[in-house]
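Written out below as C-alpha cells is the structure these notes cover.
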Amino acid sequence: MPSNKSVSDAAITQFINCRILRDHRLQRDDLWVREGKVLDPEKLFFDEKGYADKLVDCEGSIIAPGFIDVQINGGYGIDFSQASDDVSSGVSFVAKKILQHGVTSFCPTLVTSPPAVYHKVLPQIKVSDGGEHGAGVLGFHLEGPFISVEKKGAHPEQFLRTFQSGGIEDLMEAYGGLDNIAMVTLAPELGGSQSVVKELCQRGITVSLGHSVANLSQAEEAVHHGASFITHLFNAMLPFHHRDPGIVGLLTSDQVPAGRTVYYGMIADGIHTNPAALRIAHRAHPSGLVLVTDAITAMGLPPGRHTLGQQVIEIQGLHAYVAGCSVEEALEAASLHPAKLLGISHKKGNLDYGSDADLVLLDDALNVEATFISGEEVWRKGP
Amino acid sequence: MRLVILDDYDLASEWAAKYIRNRIIQFKPSAERYFTLGLPTGSTPYGCYKKLIEFYRSGDISFKYVKTFNMDEYVGLPRAHPESYHSYMWNNFFKHIDIDPANAHILDGNAEDLETECQAYEQKIAEAGGIELFVGGIGPDGHIAFNEPGSSLVSRTRVKTLAKDTIVANARFFGNDLNKVPTMALTVGVGTVMDAKEVMILITGAHKAFALYKAIEEGVNHMWTVSAFQQHPRTIFVCDEDATLELRVKTVKYFKGLLHVHNRLVDPVLSIKDQ
C-alpha cells in the first residue's frame, strides 16, 4: 500500500511477532519506529492515517531496550586507561564489539591514573550517538583517583589522591576538565569530598560511592548532597555490619531524600559477589539494581578469561536464575535503571513512545539475536 | 427479523464473525466498490472482533477494501485515553488487521464544533454509498449506540447526554468512579442505523435479557430504541441463551427451530483464499 503520511515522509518500521518490554512487563505487541525513535502507532493511525513501510518479523523474540553499561574499563585488548595518542580508535573498537552483546550505550571507564593520563585521554573522546559504527558513548566514568587507600582494589596506590585545595579544583587539576564526564566514583569519607559531591551533581555529573571505607552516615551525607550510585556493591567497601551497615546500608536507608533512588552496580558473574549476597541486595532494593560488566582489557580474548560475552550471559542468565527475579527485572537492571541513574531515561533505557529506538532482540534464554541503534540493525547473529 | 440463538458468548461471537466474513467476501469488495461496515464497541462485540482478527491472521479475510463507521464516541475524553472508543477500536481491532487508516471512521468527541462534526459524519456515510451492514449492541436500557430512552426513532448523528443507567453501566471502565465517566457522547441516530441495508444486533448475557424482551416482543417504542428495528427489512439479532431469559418460550422455540436455516448463512464459511 502506498504510504500516506502528512507529518513525515520518513520510513516507518514495524517489528511484529515479538514480545516487548513495556510497563515493566513483557507484552505481546508490535513495536513501531520512525526516524530513530519509538513511534506511537495509534497516533500514526488516527492523526496521520499512516502505516508501516517495512515489517521486521521477530519470530517470537523478546525486544528489550538496548543495554547500557556504565562500568567498562576496556576489552578485546584495549585498555581505556592507557595514555594512547589515539584513544578514539580504541574506544570505537570496543564500542563496535559490544554491539554483539546487546550493549547500545556505555561509559568508557578509567581506573585511578596519574594526571598525565587523564589530561591525554579525556579530551579525545566526546559524548556521541551510537550507530553502525558501534555503541553510543555516554561520557566517561572516572573511577578514582579520589578513593580510599584501604579499598584500592586493583587500582595503583601511588596515584590515589585526596582533596587538598578543598574541592573541585583538585578534580580539575587531576582530570584536566569535566567535559564529557558522565560519572565520578569517589570515597565520601575523604576530607572535603562532600562539597565536591555537591558541585559535581550541580554540573549534572553522576556521583558514585565506591572504593571506600565510609560508614553509613558519611554515605548518607553524600547522598544528601546528590550522590546516586554505588560502584560495584560489596566490592571495595566495608562489609555490611549490623551496627554500621556502611555504604551497603544505603539500600534501605531512611535518609535518602524523597523521590530519589540510590542505584547500585552489581557485577553478577557469581564471582565478584556471592549469589546469595546478590539476592539479599536485590530483595532489599530491587528497583536500584544496575548490572555492569566492569569488563577489563582481557575481555573477549581467548579462553581462560572472563569474556564480556560470558559475563553478560552470566549476568543475564545467571541473574535471572540466581537472583530469582523475573526476566523483566533483569532486563530493566541492564537498561532502564542505568538510564534513570544517568538521567537519560527520557530517551534511553525504555521503549516508550519518543524514546531512541535502541533495541536488543533476545531469545528466551536472553541470548542476543540482533542489536539495533536508532531503529537501524547494527548487529545480527550469524546462522 | 432473524433471531439466532447460540449456546454461549463464544459461539454467538463466532457466529456473528462468520456472518460478517461471509458478507464481506460475497460482496467481493474492490477499490471501486468498498464494503461499508458499521461497528460497535463494548464488551459484547469483543469476542466477535477477536474472531475476525483470527480470520485475518489465517488469511481468510482482508479488510483492505472495507470502510468502517463506528457508532459513537465520548465527548471531551482525550483520544489517547484508554477508555476512549478510538483506543478501544485501535487496541481490539484496527491494529491487528489490514484496514487502510483513511477508511476507519470514528466520530471525534474533541472536535471544535460538535454539530458540524456530526453533520460531516452523516455526509461521509452518504459519500461512501451508505452502510452495507451495521453491527450494533444493546444497552441494558434498550438503547442502540447512545440513543438513550426517549431518543427519536428517526434521529440522525448528534450529541447526546448519557442516561444515568448508561453512566452506571460504564463506570466499571472508569475505576467505578461515577465522576470520571463522560456525560455526553456523539452518536449515530436511530434513523442513521435504520438507513443501513442490513442491521446485526449482538446481545449476550442475562443482564441484557429484559432489554431484548422489550426490543422484540413489545411494541416499537422510543423508550427502548432498539425496538425501531422491528420496522427494518433486514435485521438479525445474534444472542446467547442467557440473553433469551426474559423471552416467551414460544419465541425461543420458534427461532431455535429455524437455526438450521439461519446456519446456512455461515456454513459454508467463505475464504478469500478460494477466490
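Ordered as shown in the C-alpha cells, chains take letters A, B, and onward, while each chain numbers its residues from 1 and ligands are numbered from 1 in the order shown.
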
Would you list the contacts of range 245-260 of chain B as a count of residues only, taking every protein, DNA or RNA residue within 7 Å and counting only C-alpha atoms, but skipping same-chain residues closer than 5 positions in sequence? 7

Closest atom pairs, chain B residues within 12 Å of chain A, only C-alpha atoms, as a Markdown table:
| residue | atom | partner | partner_atom | distance |
| --- | --- | --- | --- | --- |
| B:Arg57 | CA | A:Asn17 | CA | 11.9 |
| B:Lys64 | CA | A:Met1 | CA | 9.4 |
| B:Tyr65 | CA | A:Met1 | CA | 11.8 |
| B:Arg79 | CA | A:Lys43 | CA | 9.1 |
| B:Ala80 | CA | A:Glu42 | CA | 8.1 |
| B:His81 | CA | A:Glu42 | CA | 11.2 |
| B:Pro82 | CA | A:Glu42 | CA | 11.2 |
| B:Tyr85 | CA | A:Phe46 | CA | 12.0 |
| B:His86 | CA | A:Phe46 | CA | 8.2 |
| B:Ser87 | CA | A:Glu42 | CA | 7.7 |
| B:Tyr88 | CA | A:Glu42 | CA | 10.6 |
| B:Met89 | CA | A:Glu42 | CA | 9.9 |
| B:Trp90 | CA | A:Glu42 | CA | 6.6 |
| B:Asn91 | CA | A:Glu42 | CA | 8.5 |
| B:Asn92 | CA | A:Glu42 | CA | 11.8 |
| B:Phe93 | CA | A:Glu42 | CA | 11.7 |
| B:Phe94 | CA | A:Phe45 | CA | 8.7 |
| B:Lys95 | CA | A:Glu42 | CA | 8.0 |
| B:His96 | CA | A:Asp30 | CA | 9.5 |
| B:Ile97 | CA | A:Tyr51 | CA | 11.4 |
| B:Asp98 | CA | A:Tyr51 | CA | 9.5 |
| B:Ile99 | CA | A:Tyr51 | CA | 9.8 |
| B:Asp100 | CA | A:Lys49 | CA | 7.6 |
| B:Pro101 | CA | A:Lys49 | CA | 4.6 |
| B:Ala102 | CA | A:Lys49 | CA | 5.3 |
| B:Asn103 | CA | A:Lys49 | CA | 8.7 |
| B:Ala104 | CA | A:Phe46 | CA | 8.5 |
| B:His105 | CA | A:Phe46 | CA | 9.1 |
| B:Ile106 | CA | A:Phe46 | CA | 9.2 |
| B:Leu107 | CA | A:Phe46 | CA | 11.3 |
| B:Asp108 | CA | A:Phe46 | CA | 10.4 |

Applying 9 Å and only C-alpha atoms, which residues near range 185-201 of chain B remain after dropping the ones on its own chain fewer than 3 positions away? List them as number ranges by chain. B: 16, 38, 70-76, 107-109, 114, 117-118, 121-122, 130-138, 144-147, 151-162, 182, 225-226, 228-229, 231-239

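From CA of Thr261 in chain A back to CA of Phe240 in chain A, the distance works out to 19.7 Å.
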
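For the residues B:Val168, B:Leu212, B:Val220, B:Ala128, ranking by smallest atom-to-atom distance to Asp242 in chain B using only C-alpha atoms places B:Leu212 first.
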
Need the shell around Trp15 in chain B: protein/DNA/RNA residues with any atom at most 12 Å away, counting only C-alpha atoms. Skip same-chain ones fewer than 6 positions apart. Format as an mmCIF file with N, CA, C and O atoms, in the first residue's frame?
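What ended up in part_17.cif:
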data_model
loop_
_atom_site.group_PDB
_atom_site.id
_atom_site.type_symbol
_atom_site.label_atom_id
_atom_site.label_comp_id
_atom_site.auth_asym_id
_atom_site.auth_seq_id
_atom_site.Cartn_x
_atom_site.Cartn_y
_atom_site.Cartn_z
ATOM 1 N N VAL B 4 -31.061 -15.393 16.060
ATOM 2 C CA VAL B 4 -30.142 -16.533 16.079
ATOM 3 C C VAL B 4 -29.666 -16.729 17.509
ATOM 4 O O VAL B 4 -29.064 -15.825 18.084
ATOM 5 N N ILE B 5 -29.980 -17.885 18.071
ATOM 6 C CA ILE B 5 -29.661 -18.138 19.478
ATOM 7 C C ILE B 5 -28.574 -19.202 19.578
ATOM 8 O O ILE B 5 -28.766 -20.340 19.151
ATOM 9 N N LEU B 6 -27.423 -18.812 20.123
ATOM 10 C CA LEU B 6 -26.335 -19.767 20.305
ATOM 11 C C LEU B 6 -26.206 -20.083 21.803
ATOM 12 O O LEU B 6 -26.702 -19.352 22.643
ATOM 13 N N ASP B 7 -25.518 -21.173 22.098
ATOM 14 C CA ASP B 7 -25.454 -21.640 23.491
ATOM 15 C C ASP B 7 -24.750 -20.674 24.435
ATOM 16 O O ASP B 7 -25.153 -20.506 25.581
ATOM 17 N N ASP B 8 -23.669 -20.072 23.965
ATOM 18 C CA ASP B 8 -22.907 -19.211 24.885
ATOM 19 C C ASP B 8 -22.272 -18.044 24.141
ATOM 20 O O ASP B 8 -22.389 -17.926 22.924
ATOM 21 N N TYR B 9 -21.591 -17.210 24.894
ATOM 22 C CA TYR B 9 -20.990 -15.985 24.357
ATOM 23 C C TYR B 9 -20.014 -16.287 23.223
ATOM 24 O O TYR B 9 -20.053 -15.629 22.172
ATOM 25 N N ARG B 21 -17.853 -12.078 7.958
ATOM 26 C CA ARG B 21 -16.854 -12.586 6.999
ATOM 27 C C ARG B 21 -17.503 -12.969 5.682
ATOM 28 O O ARG B 21 -17.059 -12.564 4.610
ATOM 29 N N ASN B 22 -18.571 -13.758 5.778
ATOM 30 C CA ASN B 22 -19.251 -14.197 4.557
ATOM 31 C C ASN B 22 -19.829 -13.022 3.784
ATOM 32 O O ASN B 22 -19.761 -12.966 2.556
ATOM 33 N N PRO B 45 -19.212 -6.986 21.691
ATOM 34 C CA PRO B 45 -18.586 -7.359 20.419
ATOM 35 C C PRO B 45 -17.126 -7.788 20.537
ATOM 36 O O PRO B 45 -16.509 -8.156 19.549
ATOM 37 N N GLY B 47 -15.596 -10.433 21.627
ATOM 38 C CA GLY B 47 -15.318 -11.780 21.128
ATOM 39 C C GLY B 47 -15.411 -11.847 19.613
ATOM 40 O O GLY B 47 -14.659 -12.562 18.954
ATOM 41 N N CYS B 48 -16.331 -11.091 19.065
ATOM 42 C CA CYS B 48 -16.523 -11.065 17.620
ATOM 43 C C CYS B 48 -15.291 -10.462 16.953
ATOM 44 O O CYS B 48 -14.799 -10.983 15.952
ATOM 45 N N TYR B 49 -14.762 -9.388 17.523
ATOM 46 C CA TYR B 49 -13.550 -8.774 16.965
ATOM 47 C C TYR B 49 -12.374 -9.745 17.013
ATOM 48 O O TYR B 49 -11.596 -9.865 16.075
ATOM 49 N N LYS B 51 -12.441 -12.905 16.866
ATOM 50 C CA LYS B 51 -12.624 -13.917 15.828
ATOM 51 C C LYS B 51 -12.273 -13.357 14.455
ATOM 52 O O LYS B 51 -11.636 -14.021 13.644
ATOM 53 N N LEU B 52 -12.691 -12.126 14.199
ATOM 54 C CA LEU B 52 -12.392 -11.516 12.899
ATOM 55 C C LEU B 52 -10.884 -11.372 12.716
ATOM 56 O O LEU B 52 -10.350 -11.562 11.628
ATOM 57 N N MET B 200 -27.203 -5.898 12.195
ATOM 58 C CA MET B 200 -26.994 -7.082 13.028
ATOM 59 C C MET B 200 -26.768 -6.618 14.460
ATOM 60 O O MET B 200 -25.837 -5.870 14.727
ATOM 61 N N LEU B 202 -25.895 -7.603 18.327
ATOM 62 C CA LEU B 202 -25.339 -8.659 19.182
ATOM 63 C C LEU B 202 -25.827 -8.435 20.607
ATOM 64 O O LEU B 202 -25.716 -7.330 21.131
ATOM 65 N N ILE B 236 -30.837 -8.880 11.942
ATOM 66 C CA ILE B 236 -30.519 -10.151 12.606
ATOM 67 C C ILE B 236 -30.156 -9.847 14.054
ATOM 68 O O ILE B 236 -29.321 -8.982 14.305
ATOM 69 N N PHE B 237 -30.762 -10.553 14.978
ATOM 70 C CA PHE B 237 -30.350 -10.478 16.374
ATOM 71 C C PHE B 237 -29.559 -11.748 16.673
ATOM 72 O O PHE B 237 -30.067 -12.849 16.460
ATOM 73 N N VAL B 238 -28.309 -11.579 17.119
ATOM 74 C CA VAL B 238 -27.493 -12.748 17.471
ATOM 75 C C VAL B 238 -27.309 -12.731 18.978
ATOM 76 O O VAL B 238 -26.805 -11.756 19.535
ATOM 77 N N CYS B 239 -27.762 -13.788 19.642
ATOM 78 C CA CYS B 239 -27.643 -13.768 21.101
ATOM 79 C C CYS B 239 -27.271 -15.134 21.675
ATOM 80 O O CYS B 239 -27.234 -16.129 20.955
ATOM 81 N N ASP B 240 -26.959 -15.123 22.957
ATOM 82 C CA ASP B 240 -26.678 -16.382 23.647
ATOM 83 C C ASP B 240 -27.916 -16.755 24.484
ATOM 84 O O ASP B 240 -28.862 -15.966 24.605
ATOM 85 N N LEU B 259 -32.890 -22.443 13.365
ATOM 86 C CA LEU B 259 -31.430 -22.320 13.396
ATOM 87 C C LEU B 259 -30.756 -23.005 12.211
ATOM 88 O O LEU B 259 -29.797 -22.487 11.646
ATOM 89 N N HIS B 262 -30.914 -20.605 9.411
ATOM 90 C CA HIS B 262 -30.015 -19.465 9.616
ATOM 91 C C HIS B 262 -28.553 -19.864 9.517
ATOM 92 O O HIS B 262 -27.712 -19.087 9.069
ATOM 93 N N ASN B 263 -28.261 -21.082 9.915
ATOM 94 C CA ASN B 263 -26.864 -21.522 9.868
ATOM 95 C C ASN B 263 -26.324 -21.610 8.457
ATOM 96 O O ASN B 263 -25.120 -21.595 8.236
ATOM 97 N N ARG B 264 -27.239 -21.664 7.487
ATOM 98 C CA ARG B 264 -26.764 -21.700 6.089
ATOM 99 C C ARG B 264 -26.099 -20.378 5.729
ATOM 100 O O ARG B 264 -25.379 -20.292 4.731
ATOM 101 N N LEU B 265 -26.332 -19.346 6.526
ATOM 102 C CA LEU B 265 -25.695 -18.054 6.268
ATOM 103 C C LEU B 265 -24.212 -18.077 6.643
ATOM 104 O O LEU B 265 -23.432 -17.256 6.159
ATOM 105 N N VAL B 266 -23.847 -19.005 7.514
ATOM 106 C CA VAL B 266 -22.443 -19.059 7.964
ATOM 107 C C VAL B 266 -21.767 -20.381 7.612
ATOM 108 O O VAL B 266 -20.604 -20.589 7.918
ATOM 109 N N ASP B 267 -22.527 -21.258 6.977
ATOM 110 C CA ASP B 267 -21.975 -22.557 6.635
ATOM 111 C C ASP B 267 -22.417 -22.923 5.236
ATOM 112 O O ASP B 267 -23.603 -23.135 5.021
ATOM 113 N N PRO B 268 -21.536 -22.981 4.230
ATOM 114 C CA PRO B 268 -20.075 -22.948 4.410
ATOM 115 C C PRO B 268 -19.539 -21.538 4.666
ATOM 116 O O PRO B 268 -20.117 -20.555 4.205
ATOM 117 N N VAL B 269 -18.464 -21.463 5.413
ATOM 118 C CA VAL B 269 -17.845 -20.169 5.654
ATOM 119 C C VAL B 269 -16.823 -19.938 4.533
ATOM 120 O O VAL B 269 -16.050 -20.808 4.183
#

Nearby residues (only C-alpha atoms) at most 8 Å from range 63-68 of chain A, same-chain spacing under 3 positions excluded, as a count of residues only: 28

Which is closer to Gly90 in chain A than all the others in A:Gly74, A:Thr252, A:Arg22, A:Pro383, using only C-alpha atoms? A:Gly74

Take CA of Glu143 in chain A and CA of Leu209 in chain A and report the distance between them in Å, one decimal.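 Interatomic distance, CA of Glu143 in chain A to CA of Leu209 in chain A: 9.5 Å.
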
Give me every strand (DSSP E or B) residue in range 137-368 of chain A, going by DSSP on the backbone, as a ChimeraX atom specification. /A:137,140-143,181-186,206-209,212,229-230,237,263-266,289-291,295,356,359-362,368

Contact residues around Ala163 in chain B with only C-alpha atoms at 8 Å, ignoring same-chain residues under 4 positions, as a PDB file with C-alpha atoms, in the first residue's frame:
ATOM      1  CA  GLU B 148     -30.950   6.749  25.122  1.00  0.00           C
ATOM      2  CA  PRO B 149     -34.587   6.146  26.098  1.00  0.00           C
ATOM      3  CA  ILE B 167     -23.202   6.091  33.131  1.00  0.00           C
TER       4      ILE B 167
END

Pick out each residue of range 105-200 of chain B that DSSP on the backbone tags as alpha helix (DSSP H); I need them as a ChimeraX atom specification. /B:114-127,164-170,190-194

In terms of the shortest atom-to-atom distance over only C-alpha atoms, which of A:Gly60, A:Pro108, A:Gly177, A:Pro245 is closest to Val213 in chain A?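 Of all the options, A:Pro245 lies closest to Val213 in chain A.
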
Given only C-alpha atoms as the basis, pick out the residue of A:Gln82, A:Ser89, A:Ser253, A:Asn235 nearest to Ala154 in chain A. A:Asn235
